[in-house]
Amino acid sequence: MTATQPHIEWMEAIAGQLRERFGEQVLAVEQAYDFPIIVVEKAAIINVLAFLKDDSEMGFSFLTTLCGMHIPDNKGQEFGMVYQLHNMPLNRRIRIKFFMGENDLDVPSATILWPTANWMERQEYDFFGFNFVGHPDLRRILNMDEMNYFPMRKQYPLEDLGKHDKDDAKFGR
Amino acid sequence: MIENQTILTPEKDYVTLNLGPTHPATHGIFQNVLKMDGEIIVSTEPTIGYIHRAFEKLAEHRPYNQIAPITDRMNYCSAPINNMGWHMTVEKLIGCEVPKRAQYIRVIIMELARIADHIICDSVIGVDTGALSGFLYIFQEREHIYEIFEEVCGARLTTNTGRIGGMERDFSPKAWEKLEQFVKEFPAKLAEFESLLVRNRIFMDRTINVGPITAERALAYGFTGPNLRAAGVDYDVRVMNPYCSYEDFEFDIPVGTNGDTYDRFMVRLEEMKQSLSIIKQAMKNMPDGPIAADVPAFYLPPKEEVYSKMEALIYQFKIVMGEMDVPKGEVYHAVEGGNGELGFYLVSDGGRTPFRLHLRRPCFIYYQAYPEMIQGSMLSDAILTMSSMNVIAGELDA
C-alpha cells in the first residue's frame, strides 16, 4: 500500500535554480509524499539556506523545524541534518538535507539566519552531539549537563546504562 | 511595560532572582534566573527540561499504535489534537483515506480540545491579573468538555482517542446529548466570562502593551498559532494545509495587531467562538457511513469482533505485537494544535517502530523569545507574559 504522490509543479523550477547556483553541491532532488527534498553537500548548507530564505523569488523565510538523524548503516555518512522551510505567502514547503561522517560533526549554525534555530540546534546537540559552529550558546537544553553521552545515537539503549533497579529476571525479560 | 528606560544602576547592584523551577505563579516547571534592577528585569536565563521524558527516543522503541499515548503527554491541555495529529501522520505514510464521518468526528473532538486549551490559557491570564472569578466560572465548561471526552473514549485528560485508520467507536447517544447541551450552553457562559474581563479597566491596564512582539520578530522566532496571529500574521495550518476535511467548514482566523498579552487573550477568545461554529457545522452536516477505513492490517478491530471472528483476532494479535507492514518513507504532517503548528516528522525504514520521529513542538520553539519579550518590564508583567504565551511544560520538554 503506497500513498499517491501529488505533483508539485514548482519543484523543478526551484531545483533548477539551486543547481544553476550551486552546481555539483546539489546532490539529489526527490519527492516524498507532499514534500520536495533536496540533498546538498554539507559545505553548501548555509549558502543554500540563505539563498532560499533571502532570494525574493524563493521566499522560504520561515524555518519550520530542523532535526538530526543517526543512520549507523549508512557507512561514511552516518549522521544527517534535516531542515524544513516554509514559504508562507505561496504556501510552499521544502526539506533540505545533508549527510556527514561520524568523524566530522561540525555543522555550520543556522542561528545567523534565524534566531529560532538557537534552541532547535541546542536540542540536536543535546541528542546527537553535533558541534554547531558559530552557535552563540551551545549547551545541553533538555538533558542534564552532567550527561556524558548523546542519547539519540542508535548505539545507546532506551534505558539508562547506569540504572540497576530494573532487574530483567523480575520483569520476565 | 516601561519602555526605553535608561538603566543607571551599576551591574553589581542587580539582584538575582530565581523564578521557579516550582513557583506557584508559573503554572508548570520552568526556571528563570532573572537579573533585576529594582523591579525592572534586565536579563533572563531560562532553564528547561525538568520534565523531559525522551519522547523521540521512546518513539523509536514503540510500535506505531503505542506511540499515541506518548503524544497525550505533550500538550496535555489539548491531548486529542496530538492524538489525531499522530494518527494522521501514520495514515499519510500508509496512504489511507479516512471516511468522512470519522473525519467529522475528529474535527468535533479536536475543536472541543482547542476550546478546553484556550479556556485554560485565557482564564489563567485572568487569574494572574488577580481576577479569580472568571476562572471559576469558565472552568465549569472545561469540565463539561472533559465529560464529553469521557463519554467518547473513557478518559478525560490523556485521552488516547482515535485509531490509525479512523475512530475506535462512534459517538454514543449520551455523547451526542452532552455535546448538544454543551453547544447550547457554552456561548452564554463564554459571554459572561468575556464581560468580566474584556472591557475591564484593570485587566486592560495590566495586559495592553505587556510582553509585545512584532510580527517580524515573531516569524524569526518561529512563532505559530494564536501567539503569531496576535502579532498580526494570519497563519493557520487548518486553512493553509487543510487536513481532516477542514476545507468543508466556514470559519474566520482572528488576528491581533500589537502581539501583546491583550491581543493573545483576544485571539484565543475569538478562536473559541470560531471553534464552536465549526463544531455546530460538523454536527449539522455529519455524514453517515463507517467510522474507520478498511485497513485491517493497521486498524485495531472492535473488541466484539476479536472475540468472535478469526480474522479480527489475528489482526488484533499482529497489531498489538507491533507486526505492521509500514512502508518505507518519510513524511511530515502538521496540525494546528492549541499552541500552533504541531508537526510530526516520521522516518520509517519498514521496521516495527519508527526509525526516527521528530516532534515539532510549538511551545519549545516560541518559548525562546521569552527573555526578549520581558526585558525591561516588571516582574508581575513577566508572569503575565508567560501565561499568555500558554507555555505547557509537557510540550516544552517532551
# chains A, B, ... in the order shown; residues from 1 in each chain; ligands from 1
>>> interface_residues(of="chain A", to="chain B", cutoff="7 Å", atoms="only C-alpha atoms", output="PyMOL selection string")
chain A and resi 1-3+32-33+62-65+67+91+114-116+119+141-143+152+158
>>> write_last_selection(atoms="N, CA and C atoms", output="CSV table (one decimal), in the first residue's frame")
chain,number,residue,atom,x,y,z
A,1,MET,N,0.8,-1.2,0.0
A,1,MET,CA,0.0,0.0,0.0
A,1,MET,C,0.9,1.2,0.0
A,2,THR,N,0.7,2.1,-1.0
A,2,THR,CA,1.5,3.3,-1.0
A,2,THR,C,0.6,4.5,-1.3
A,3,ALA,N,1.0,5.6,-0.7
A,3,ALA,CA,0.3,6.8,-0.9
A,3,ALA,C,0.5,7.4,-2.3
A,32,ALA,N,9.0,13.1,-1.4
A,32,ALA,CA,8.4,12.1,-0.5
A,32,ALA,C,7.1,12.7,-0.1
A,33,TYR,N,6.0,12.0,-0.6
A,33,TYR,CA,4.7,12.5,-0.3
A,33,TYR,C,4.5,13.9,-0.8
A,62,PHE,N,10.6,31.1,6.5
A,62,PHE,CA,10.2,30.6,7.8
A,62,PHE,C,10.8,29.3,8.0
A,63,LEU,N,11.6,29.1,9.1
A,63,LEU,CA,12.2,27.9,9.5
A,63,LEU,C,11.2,27.1,10.3
A,64,THR,N,10.6,26.1,9.7
A,64,THR,CA,9.6,25.3,10.5
A,64,THR,C,10.3,24.5,11.6
A,65,THR,N,11.2,23.7,11.2
A,65,THR,CA,11.9,22.9,12.2
A,65,THR,C,13.2,22.4,11.6
A,67,CYS,N,16.1,19.0,12.4
A,67,CYS,CA,16.4,17.9,13.3
A,67,CYS,C,17.6,17.1,12.8
A,91,ASN,N,2.6,29.3,0.3
A,91,ASN,CA,2.3,28.0,0.9
A,91,ASN,C,3.1,26.9,0.2
A,114,TRP,N,18.3,32.6,11.4
A,114,TRP,CA,17.0,32.6,12.2
A,114,TRP,C,17.4,32.5,13.7
A,115,PRO,N,16.9,33.4,14.5
A,115,PRO,CA,17.2,33.3,15.9
A,115,PRO,C,16.5,32.0,16.5
A,116,THR,N,15.4,31.5,15.8
A,116,THR,CA,14.7,30.4,16.4
A,116,THR,C,15.6,29.1,16.3
A,119,TRP,N,17.6,27.3,19.9
A,119,TRP,CA,17.2,26.2,20.8
A,119,TRP,C,17.0,24.9,20.0
A,141,ILE,N,20.2,21.2,26.5
A,141,ILE,CA,19.0,22.0,26.9
A,141,ILE,C,17.9,21.2,27.6
A,142,LEU,N,17.7,19.9,27.2
A,142,LEU,CA,16.7,19.1,27.9
A,142,LEU,C,17.3,18.1,28.9
A,143,ASN,N,18.5,17.6,28.5
A,143,ASN,CA,19.1,16.6,29.5
A,143,ASN,C,20.0,17.4,30.4
A,152,MET,N,20.4,10.1,21.6
A,152,MET,CA,19.6,9.7,20.4
A,152,MET,C,20.5,8.9,19.4
A,158,LEU,N,17.4,2.2,25.2
A,158,LEU,CA,16.4,3.1,25.7
A,158,LEU,C,16.6,3.5,27.1
>>> select_by_dssp(residues="stretch 3-166 of chain A", states="alpha helix (DSSP H)", output="MDAnalysis selection string")
chainID A and resid 11:22 45:54 117:128
>>> residues_around(residues="B:Val152", least_positions_apart="4", cutoff="7 Å", atoms="only C-alpha atoms", output="ChimeraX atom specification")
/B:148,171,175
>>> closest_residue(among="B:Ile291, B:Ile164, B:Val107, B:Leu384", to="B:Trp86", atoms="only C-alpha atoms")
B:Ile164
>>> closest_residue(among="B:Met324, B:Leu112, B:Met204, B:Met88", to="B:Gln274", atoms="only C-alpha atoms")
B:Leu112
>>> residues_around(residues="A:Glu9", least_positions_apart="5", cutoff="12 Å", atoms="only C-alpha atoms", output="JSON, numbers by chain")
{"A": [14, 15, 31, 34, 35, 36, 92]}
>>> write_last_selection(atoms="N, CA and C atoms", output="PDB file, in the first residue's frame")
ATOM      1  N   ILE A  14      12.555  25.283  -8.705  1.00  0.00           N
ATOM      2  CA  ILE A  14      13.419  25.580  -7.558  1.00  0.00           C
ATOM      3  C   ILE A  14      14.698  24.757  -7.654  1.00  0.00           C
ATOM      4  N   ALA A  15      14.534  23.474  -7.977  1.00  0.00           N
ATOM      5  CA  ALA A  15      15.711  22.601  -8.080  1.00  0.00           C
ATOM      6  C   ALA A  15      16.639  23.108  -9.172  1.00  0.00           C
ATOM      7  N   GLN A  31      11.172  13.471  -4.153  1.00  0.00           N
ATOM      8  CA  GLN A  31       9.902  13.868  -3.561  1.00  0.00           C
ATOM      9  C   GLN A  31       9.409  12.760  -2.649  1.00  0.00           C
ATOM     10  N   ASP A  34       4.124  14.838   0.042  1.00  0.00           N
ATOM     11  CA  ASP A  34       3.883  16.184  -0.478  1.00  0.00           C
ATOM     12  C   ASP A  34       5.091  17.106  -0.329  1.00  0.00           C
ATOM     13  N   PHE A  35       6.254  16.542  -0.081  1.00  0.00           N
ATOM     14  CA  PHE A  35       7.432  17.367   0.171  1.00  0.00           C
ATOM     15  C   PHE A  35       8.515  17.181  -0.886  1.00  0.00           C
ATOM     16  N   PRO A  36       9.044  18.267  -1.454  1.00  0.00           N
ATOM     17  CA  PRO A  36      10.271  18.134  -2.242  1.00  0.00           C
ATOM     18  C   PRO A  36      11.459  18.047  -1.272  1.00  0.00           C
ATOM     19  N   ARG A  92       4.443  27.091   0.196  1.00  0.00           N
ATOM     20  CA  ARG A  92       5.323  26.042  -0.315  1.00  0.00           C
ATOM     21  C   ARG A  92       6.215  25.587   0.826  1.00  0.00           C
TER      22      ARG A  92
END
>>> residues_around(residues="stretch 55-60 of chain A", least_positions_apart="5", cutoff="9 Å", atoms="only C-alpha atoms", output="ChimeraX atom specification")
/A:14,49-50,85-90,92-94
>>> residues_around(residues="A:Glu24", least_positions_apart="6", cutoff="12 Å", atoms="only C-alpha atoms", output="PyMOL selection string")
chain A and resi 18+39-41+43-44
>>> write_last_selection(atoms="N, CA and C atoms", output="PDB file, in the first residue's frame")
ATOM      1  N   LEU A  18      18.591  26.068  -7.933  1.00  0.00           N
ATOM      2  CA  LEU A  18      19.626  25.663  -6.976  1.00  0.00           C
ATOM      3  C   LEU A  18      20.791  25.007  -7.705  1.00  0.00           C
ATOM      4  N   VAL A  39      18.903  17.246  -1.383  1.00  0.00           N
ATOM      5  CA  VAL A  39      20.071  16.826  -0.627  1.00  0.00           C
ATOM      6  C   VAL A  39      21.261  17.617  -1.147  1.00  0.00           C
ATOM      7  N   VAL A  40      21.988  18.254  -0.236  1.00  0.00           N
ATOM      8  CA  VAL A  40      23.125  19.083  -0.656  1.00  0.00           C
ATOM      9  C   VAL A  40      24.385  18.644   0.090  1.00  0.00           C
ATOM     10  N   GLU A  41      25.509  19.203  -0.320  1.00  0.00           N
ATOM     11  CA  GLU A  41      26.770  18.982   0.390  1.00  0.00           C
ATOM     12  C   GLU A  41      26.742  19.776   1.679  1.00  0.00           C
ATOM     13  N   ALA A  43      29.107  21.483   2.994  1.00  0.00           N
ATOM     14  CA  ALA A  43      29.798  22.767   2.851  1.00  0.00           C
ATOM     15  C   ALA A  43      28.872  23.858   2.330  1.00  0.00           C
ATOM     16  N   ALA A  44      27.822  23.465   1.608  1.00  0.00           N
ATOM     17  CA  ALA A  44      26.972  24.465   0.957  1.00  0.00           C
ATOM     18  C   ALA A  44      25.745  24.816   1.781  1.00  0.00           C
TER      19      ALA A  44
END
>>> atom_distance(atom1="atom CA of B:Ala155", atom2="atom CA of B:Met110")
14.8 Å
>>> select_by_dssp(residues="stretch 4-47 of chain B", states="strand (DSSP E)", output="PDB file with C-alpha atoms, in the first residue's frame")
ATOM      1  CA  VAL B  15      19.528  41.416  42.283  1.00  0.00           C
ATOM      2  CA  THR B  16      19.438  37.839  41.036  1.00  0.00           C
ATOM      3  CA  LEU B  17      16.015  36.305  41.444  1.00  0.00           C
ATOM      4  CA  ASN B  18      15.187  32.659  40.942  1.00  0.00           C
ATOM      5  CA  LEU B  19      11.721  32.370  39.468  1.00  0.00           C
ATOM      6  CA  GLN B  31      13.142  28.053  35.908  1.00  0.00           C
ATOM      7  CA  ASN B  32      14.037  31.602  35.030  1.00  0.00           C
ATOM      8  CA  VAL B  33      17.014  33.258  36.624  1.00  0.00           C
ATOM      9  CA  LEU B  34      16.185  36.940  36.455  1.00  0.00           C
ATOM     10  CA  LYS B  35      18.616  39.765  36.861  1.00  0.00           C
ATOM     11  CA  MET B  36      16.638  42.595  38.391  1.00  0.00           C
ATOM     12  CA  ASP B  37      17.297  46.291  38.640  1.00  0.00           C
ATOM     13  CA  ILE B  40      12.789  46.017  36.239  1.00  0.00           C
ATOM     14  CA  ILE B  41      14.028  42.867  34.524  1.00  0.00           C
ATOM     15  CA  VAL B  42      17.452  43.350  32.978  1.00  0.00           C
ATOM     16  CA  SER B  43      18.027  39.859  31.663  1.00  0.00           C
ATOM     17  CA  THR B  44      16.547  36.387  31.899  1.00  0.00           C
ATOM     18  CA  GLU B  45      18.138  32.977  31.701  1.00  0.00           C
ATOM     19  CA  PRO B  46      15.538  30.249  31.190  1.00  0.00           C
ATOM     20  CA  THR B  47      16.297  26.639  32.066  1.00  0.00           C
TER      21      THR B  47
END
>>> residues_around(residues="stretch 249-252 of chain B", least_positions_apart="3", cutoff="9 Å", atoms="only C-alpha atoms", output="compact mmCIF listing (two decimals) with C-alpha atoms, in the first residue's frame")
# COMPACT_ATOMS: atom_id res chain seq x y z
CA SER B 245 -11.90 17.93 5.96
CA TYR B 246 -11.27 21.38 7.45
CA GLU B 271 -10.97 31.30 18.36
CA GLN B 274 -14.94 30.02 15.78
CA SER B 275 -14.30 26.52 17.13
CA SER B 277 -19.10 27.38 15.00
CA ILE B 278 -17.03 24.58 13.41
CA GLN B 281 -21.35 22.88 11.29
CA ALA B 282 -19.87 19.42 11.78
>>> atom_distance(atom1="atom CA of B:Ile213", atom2="atom CA of B:Gly126")
20.4 Å
>>> closest_residue(among="A:Gln17, A:Lys154, A:Glu159, A:Arg95", to="A:Asp73", atoms="only C-alpha atoms")
A:Lys154
>>> closest_residue(among="A:Leu66, A:Ile96, A:Ile37, A:Met144", to="A:Glu121", atoms="only C-alpha atoms")
A:Leu66
>>> closest_residue(among="A:Val133, A:Ile71, A:Ala110, A:Ile8", to="A:Arg153", atoms="only C-alpha atoms")
A:Ile71
>>> atom_distance(atom1="atom CA of B:Glu305", atom2="atom CA of B:Ile105")
22.3 Å
